[in-house]
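Q: This one is query_7.cif, mmCIF, C-alpha atoms.
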```cif
data_protein
loop_
_atom_site.group_PDB
_atom_site.id
_atom_site.type_symbol
_atom_site.label_atom_id
_atom_site.label_comp_id
_atom_site.auth_asym_id
_atom_site.auth_seq_id
_atom_site.Cartn_x
_atom_site.Cartn_y
_atom_site.Cartn_z
ATOM 1 C CA MET X 740 -16.326 4.104 -10.621
ATOM 2 C CA LYS X 741 -13.328 6.244 -9.746
ATOM 3 C CA ILE X 742 -10.129 4.672 -8.381
ATOM 4 C CA ILE X 743 -10.675 6.196 -4.933
ATOM 5 C CA GLU X 744 -14.212 4.827 -4.844
ATOM 6 C CA ALA X 745 -12.949 1.358 -5.721
ATOM 7 C CA LEU X 746 -10.273 1.524 -3.003
ATOM 8 C CA LYS X 747 -12.838 2.635 -0.414
ATOM 9 C CA ARG X 748 -15.300 -0.024 -1.600
ATOM 10 C CA MET X 749 -12.633 -2.700 -1.096
ATOM 11 C CA LYS X 750 -12.093 -1.549 2.506
ATOM 12 C CA LEU X 751 -15.835 -1.528 3.121
ATOM 13 C CA LEU X 752 -16.164 -5.060 1.751
ATOM 14 C CA GLU X 753 -13.319 -6.229 3.992
ATOM 15 C CA LYS X 754 -15.130 -4.745 7.011
ATOM 16 C CA ARG X 755 -18.320 -6.542 5.985
ATOM 17 C CA ILE X 756 -16.412 -9.810 5.872
ATOM 18 C CA GLU X 757 -15.042 -9.152 9.362
ATOM 19 C CA THR X 758 -18.562 -8.425 10.643
ATOM 20 C CA ASN X 759 -19.855 -11.585 8.990
ATOM 21 C CA ASN X 760 -17.015 -13.558 10.586
ATOM 22 C CA ARG X 761 -17.995 -12.291 14.038
ATOM 23 C CA ASN X 762 -21.582 -13.348 13.350
ATOM 24 C CA ILE X 763 -20.444 -16.732 12.042
ATOM 25 C CA THR X 764 -18.492 -17.251 15.276
ATOM 26 C CA GLU X 765 -21.559 -16.329 17.321
ATOM 27 C CA TYR X 766 -24.068 -18.373 15.307
ATOM 28 C CA SER X 767 -22.033 -21.431 14.313
ATOM 29 C CA SER X 768 -22.268 -23.262 17.622
ATOM 30 C CA LYS X 769 -24.224 -23.371 20.846
ATOM 31 C CA LEU X 770 -24.288 -25.308 24.041
ATOM 32 C CA SER X 771 -26.711 -28.220 24.123
ATOM 33 C CA ASN X 772 -28.766 -26.555 26.875
ATOM 34 C CA GLU X 773 -29.003 -23.188 25.001
ATOM 35 C CA LYS X 774 -31.833 -22.066 22.785
ATOM 36 C CA PRO X 775 -30.767 -21.093 19.279
ATOM 37 C CA ILE X 776 -30.376 -17.366 18.622
ATOM 38 C CA PHE X 777 -32.754 -17.702 15.685
ATOM 39 C CA ALA X 778 -36.195 -19.350 15.754
ATOM 40 C CA SER X 779 -34.687 -22.796 15.281
ATOM 41 C CA GLU X 780 -31.363 -24.582 14.815
ATOM 42 C CA LYS X 781 -32.164 -25.146 11.126
ATOM 43 C CA ILE X 782 -32.746 -21.430 10.556
ATOM 44 C CA GLN X 783 -29.531 -20.645 12.428
ATOM 45 C CA GLU X 784 -27.626 -23.201 10.302
ATOM 46 C CA LYS X 785 -29.024 -21.564 7.170
ATOM 47 C CA GLU X 786 -27.910 -18.167 8.453
ATOM 48 C CA VAL X 787 -24.357 -19.462 8.986
ATOM 49 C CA LYS X 788 -24.287 -20.924 5.468
ATOM 50 C CA SER X 789 -25.666 -17.675 4.119
ATOM 51 C CA LEU X 790 -22.946 -15.647 5.851
ATOM 52 C CA ILE X 791 -20.239 -17.974 4.518
ATOM 53 C CA GLN X 792 -21.634 -17.601 0.991
ATOM 54 C CA ALA X 793 -21.869 -13.847 1.443
ATOM 55 C CA ASN X 794 -18.167 -13.749 2.362
ATOM 56 C CA LYS X 795 -17.279 -15.808 -0.701
ATOM 57 C CA ASP X 796 -19.257 -13.382 -2.870
ATOM 58 C CA LEU X 797 -17.600 -10.386 -1.200
ATOM 59 C CA ILE X 798 -14.157 -11.899 -1.857
ATOM 60 C CA ILE X 799 -15.051 -12.259 -5.545
ATOM 61 C CA GLU X 800 -16.112 -8.601 -5.646
ATOM 62 C CA ILE X 801 -12.885 -7.500 -3.933
ATOM 63 C CA LEU X 802 -10.823 -9.466 -6.450
ATOM 64 C CA LYS X 803 -12.704 -7.905 -9.376
ATOM 65 C CA LEU X 804 -12.077 -4.435 -7.973
ATOM 66 C CA LYS X 805 -8.419 -5.260 -7.337
ATOM 67 C CA ARG X 806 -7.928 -6.498 -10.907
ATOM 68 C CA SER X 807 -9.659 -3.425 -12.318
ATOM 69 C CA ILE X 808 -7.445 -1.147 -10.234
ATOM 70 C CA GLU X 809 -4.351 -3.069 -11.362
ATOM 71 C CA VAL X 810 -5.317 -2.781 -15.041
ATOM 72 C CA THR X 811 -5.936 0.928 -14.522
ATOM 73 C CA ASN X 812 -2.593 1.323 -12.734
ATOM 74 C CA LEU X 813 -0.829 -0.408 -15.624
ATOM 75 C CA THR X 814 -2.607 1.734 -18.223
ATOM 76 C CA VAL X 815 -2.796 5.298 -16.903
ATOM 77 C CA THR X 816 0.425 7.306 -17.275
ATOM 78 C CA PHE X 817 1.502 10.645 -15.874
ATOM 79 C CA THR X 818 4.656 12.676 -15.470
ATOM 80 C CA ALA X 819 6.187 13.571 -12.105
ATOM 81 C CA ASN X 820 9.542 15.291 -11.697
ATOM 82 C CA ASN X 821 10.313 14.732 -15.393
ATOM 83 C CA VAL X 822 9.606 10.980 -15.118
ATOM 84 C CA THR X 823 6.745 9.671 -17.269
ATOM 85 C CA ASP X 824 5.459 6.266 -16.211
ATOM 86 C CA THR X 825 2.304 4.360 -15.378
ATOM 87 C CA ILE X 826 0.712 4.652 -11.958
ATOM 88 C CA SER X 827 2.121 1.206 -11.237
ATOM 89 C CA GLY X 828 5.599 2.269 -12.336
ATOM 90 C CA HIS X 829 5.587 5.359 -10.148
ATOM 91 C CA LEU X 830 4.344 3.346 -7.170
ATOM 92 C CA PHE X 831 7.058 0.744 -7.733
ATOM 93 C CA ARG X 832 9.712 3.457 -7.804
ATOM 94 C CA ILE X 833 8.446 4.948 -4.540
ATOM 95 C CA ARG X 834 7.830 1.675 -2.699
ATOM 96 C CA ARG X 835 10.839 -0.318 -3.854
ATOM 97 C CA LEU X 836 13.475 1.690 -5.690
ATOM 98 C CA ASN X 837 13.671 5.101 -4.043
ATOM 99 C CA HIS X 838 14.978 3.698 -0.779
ATOM 100 C CA LEU X 839 17.807 2.039 -2.718
ATOM 101 C CA ILE X 840 18.985 5.287 -4.293
ATOM 102 C CA ARG X 841 18.335 7.160 -1.023
ATOM 103 C CA ASN X 842 20.618 4.627 0.723
ATOM 104 C CA THR X 843 23.179 5.169 -2.031
ATOM 105 C CA TYR X 844 23.283 8.871 -1.269
ATOM 106 C CA MET X 845 23.267 8.239 2.480
ATOM 107 C CA ALA X 846 26.276 5.931 2.066
ATOM 108 C CA LEU X 847 28.228 9.028 1.049
ATOM 109 C CA ASN X 848 29.561 10.196 4.378
ATOM 110 C CA ALA X 849 32.747 11.018 6.149
ATOM 111 C CA ASN X 850 31.691 9.585 9.481
ATOM 112 C CA LYS X 851 33.390 6.220 9.135
ATOM 113 C CA ILE X 852 36.821 7.623 9.904
ATOM 114 C CA LYS X 853 37.351 9.024 13.395
ATOM 115 C CA PRO X 854 40.956 10.229 13.725
ATOM 116 C CA ASN X 855 40.972 10.400 17.529
ATOM 117 C CA SER X 856 39.761 6.844 17.993
ATOM 118 C CA MET X 857 42.478 5.476 15.702
ATOM 119 C CA ASN X 858 45.426 7.293 17.310
ATOM 120 C CA ILE X 859 45.802 9.456 14.220
ATOM 121 C CA SER X 860 47.351 12.852 14.611
ATOM 122 C CA ASN X 861 44.982 15.792 14.951
ATOM 123 C CA ASP X 862 46.584 17.523 11.984
ATOM 124 C CA ILE X 863 45.213 14.795 9.667
ATOM 125 C CA LYS X 864 41.854 15.829 8.232
ATOM 126 C CA ILE X 865 39.083 13.769 6.723
ATOM 127 C CA GLU X 866 38.769 14.356 2.999
ATOM 128 C CA LYS X 867 35.394 13.885 1.345
ATOM 129 C CA LEU X 868 35.705 12.153 -1.992
ATOM 130 C CA TYR X 869 32.247 13.189 -3.129
ATOM 131 C CA ASP X 870 30.316 16.381 -3.747
ATOM 132 C CA GLU X 871 28.026 17.164 -0.790
ATOM 133 C CA LYS X 872 25.865 19.376 -3.012
ATOM 134 C CA GLU X 873 25.250 16.468 -5.424
ATOM 135 C CA LYS X 874 24.306 14.271 -2.470
ATOM 136 C CA GLN X 875 21.848 16.844 -1.097
ATOM 137 C CA ASP X 876 20.441 17.536 -4.577
ATOM 138 C CA GLY X 877 19.915 13.816 -5.119
ATOM 139 C CA LEU X 878 18.120 13.411 -1.791
ATOM 140 C CA ARG X 879 16.009 16.493 -2.507
ATOM 141 C CA ASN X 880 15.078 15.124 -5.951
ATOM 142 C CA ILE X 881 13.854 11.900 -4.354
ATOM 143 C CA MET X 882 11.699 13.825 -1.878
ATOM 144 C CA ASP X 883 10.386 16.144 -4.607
ATOM 145 C CA TYR X 884 9.517 13.168 -6.813
ATOM 146 C CA GLU X 885 7.685 11.377 -3.997
ATOM 147 C CA SER X 886 5.758 14.542 -3.096
ATOM 148 C CA GLU X 887 4.783 15.228 -6.688
ATOM 149 C CA VAL X 888 3.668 11.633 -7.274
ATOM 150 C CA SER X 889 1.616 11.719 -4.083
ATOM 151 C CA ALA X 890 -0.077 14.979 -5.057
ATOM 152 C CA LYS X 891 -0.807 13.809 -8.599
ATOM 153 C CA LEU X 892 -2.128 10.449 -7.417
ATOM 154 C CA GLU X 893 -4.648 12.193 -5.173
ATOM 155 C CA VAL X 894 -6.068 13.942 -8.228
ATOM 156 C CA ILE X 895 -5.812 10.897 -10.498
ATOM 157 C CA ASN X 896 -7.465 8.612 -7.926
ATOM 158 C CA ALA X 897 -10.338 11.074 -7.550
ATOM 159 C CA THR X 898 -10.857 11.752 -11.257
ATOM 160 C CA THR X 899 -9.926 8.548 -13.104
ATOM 161 C CA ASP X 900 -12.451 5.794 -13.773
ATOM 162 C CA ILE X 901 -11.198 2.286 -13.186
ATOM 163 C CA ILE X 902 -10.921 0.106 -16.258
ATOM 164 C CA GLU X 903 -13.630 -2.493 -15.689
ATOM 165 C CA GLU X 904 -12.707 -6.099 -16.218
ATOM 166 C CA LYS X 905 -14.261 -7.676 -19.272
#
```
Show how you would write the structure in this file as structure tokens.
A:
Amino acid sequence: MKIIEALKRMKLLEKRIETNNRNITEYSSKLSNEKPIFASEKIQEKEVKSLIQANKDLIIEILKLKRSIEVTNLTVTFTANNVTDTISGHLFRIRRLNHLIRNTYMALNANKIKPNSMNISNDIKIEKLYDEKEKQDGLRNIMDYESEVSAKLEVINATTDIIEEK
């Protein structure tokens, strides 16, 4: 099974659980003057138990898929923007680290000093103590890296088999 298939299967299983939960809500109780939805109360009780067990089984399948995807993500490596790492490593960089370095570059600005608001003479100019080109290059590198990882992951997810749990 390819990574993308496993991810889609997990979503499908989650939807099945939600559907089962709606049915459990509908079948798990009735008013004393109502007829059971099924042929008898005992059959309806069995159906509720069956749906609960089905959800437990679906959860086990989701967890197996999740573990297989995680093992795959920790095993498969690729290079993006001259960075070679595992799928997991690239995802960690994008989800957790890139915003930190992006914020570092964004902290480089000359907007904190406003001469007119501080009664400073108009002939005093703000001096940047950083290279604007380096800032823009750094921000562009982050965007290029994220775009390249995204593009490569689309291909990898569609072509790479998950590593099945043993």
Q: Please tabulate, as a Markdown table, the residues of region 794-834 of chain X that come within 12 Å of region 741-756 of chain X, each with its closest pair of atoms and the distance in Å to one decimal, counting all atoms listed in the file and ordering rows by chain, then residue number upward.
A:
```
| residue | atom | partner | partner_atom | distance |
| --- | --- | --- | --- | --- |
| X:Asn794 | CA | X:Ile756 | CA | 5.6 |
| X:Lys795 | CA | X:Ile756 | CA | 8.9 |
| X:Asp796 | CA | X:Ile756 | CA | 9.9 |
| X:Leu797 | CA | X:Leu752 | CA | 6.3 |
| X:Ile798 | CA | X:Leu752 | CA | 8.0 |
| X:Ile799 | CA | X:Leu752 | CA | 10.3 |
| X:Glu800 | CA | X:Leu752 | CA | 8.2 |
| X:Ile801 | CA | X:Met749 | CA | 5.6 |
| X:Leu802 | CA | X:Met749 | CA | 8.8 |
| X:Lys803 | CA | X:Met749 | CA | 9.8 |
| X:Leu804 | CA | X:Ala745 | CA | 6.3 |
| X:Lys805 | CA | X:Met749 | CA | 8.0 |
| X:Arg806 | CA | X:Ala745 | CA | 10.7 |
| X:Ser807 | CA | X:Ala745 | CA | 8.8 |
| X:Ile808 | CA | X:Ile742 | CA | 6.7 |
| X:Glu809 | CA | X:Ile742 | CA | 10.1 |
| X:Val810 | CA | X:Ile742 | CA | 11.1 |
| X:Thr811 | CA | X:Ile742 | CA | 8.3 |
| X:Asn812 | CA | X:Ile742 | CA | 9.3 |
| X:Val815 | CA | X:Ile742 | CA | 11.3 |
| X:Ile826 | CA | X:Ile742 | CA | 11.4 |
```
Q: What's the separation between CA of Glu887 (chain X) and CA of Tyr869 (chain X), in Å to one decimal place?
A: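 Taking CA of Glu887 (chain X) and CA of Tyr869 (chain X), their separation equals 27.8 Å.
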Q: With a distance cut-off of 12 Å and all atoms listed in the file, select the neighbouring residues of region 839-853 of chain X, excluding the residue or stretch itself and same-chain residues fewer than 3 positions from it, and output the selection as a PyMOL selection string.
A: chain X and resi 831-836+856-861+863-882+885
Q: Leaving out Ala819 (chain X) and any residue of its chain fewer than 4 positions from it, which residues lie within 7 Å of it when counting only C-alpha atoms, given as a ChimeraX atom specification?
A: /X:823,884,887-888
Q: Have a look at X:Ile776, X:Ile901, X:Ile895, X:Ile782 and name the one nearest to Asn762 (chain X); count all atoms listed in the file.
A: X:Ile776
Q: To verify the selection step, state as an MDAnalysis selection string which residues the PyMOL selection byres ((chain X and resi 767) around 9) yields on this input.
A: chainID X and resid 762:766 768:769 783:784 786:787
Q: What separation in Å, quoted to one decimal, exists between CA of Leu892 (chain X) and CA of Asn837 (chain X)?
A: 17.0 Å
Q: Rounded to one decimal place, report the CA of Ser886 (chain X)-CA of Asn820 (chain X) distance in Å.
A: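 Here the two named atoms are 9.4 Å from each other.
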Q: With distances taken over only C-alpha atoms, which residue among X:Met740, X:Asn760, X:Thr818, X:Ile791 lies nearest Ala890 (chain X)?
A: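 Selected residue with least distance to Ala890 (chain X): X:Thr818.
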Q: Given the choices X:Thr814, X:Phe777, X:Asp824, X:Asn772, which gets closest to Ile902 (chain X) if the distance is worked out from all atoms listed in the file?
A: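 Going through X:Thr814, X:Phe777, X:Asp824, X:Asn772 one by one, the smallest distance to Ile902 (chain X) is for X:Thr814.
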Q: Using all atoms listed in the file, which residue out of X:Glu773, X:Asn759, X:Asn896, X:Leu813 lies closest to Ser789 (chain X)?
A: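 With all atoms listed in the file as the atom set, the closest residue is X:Asn759.
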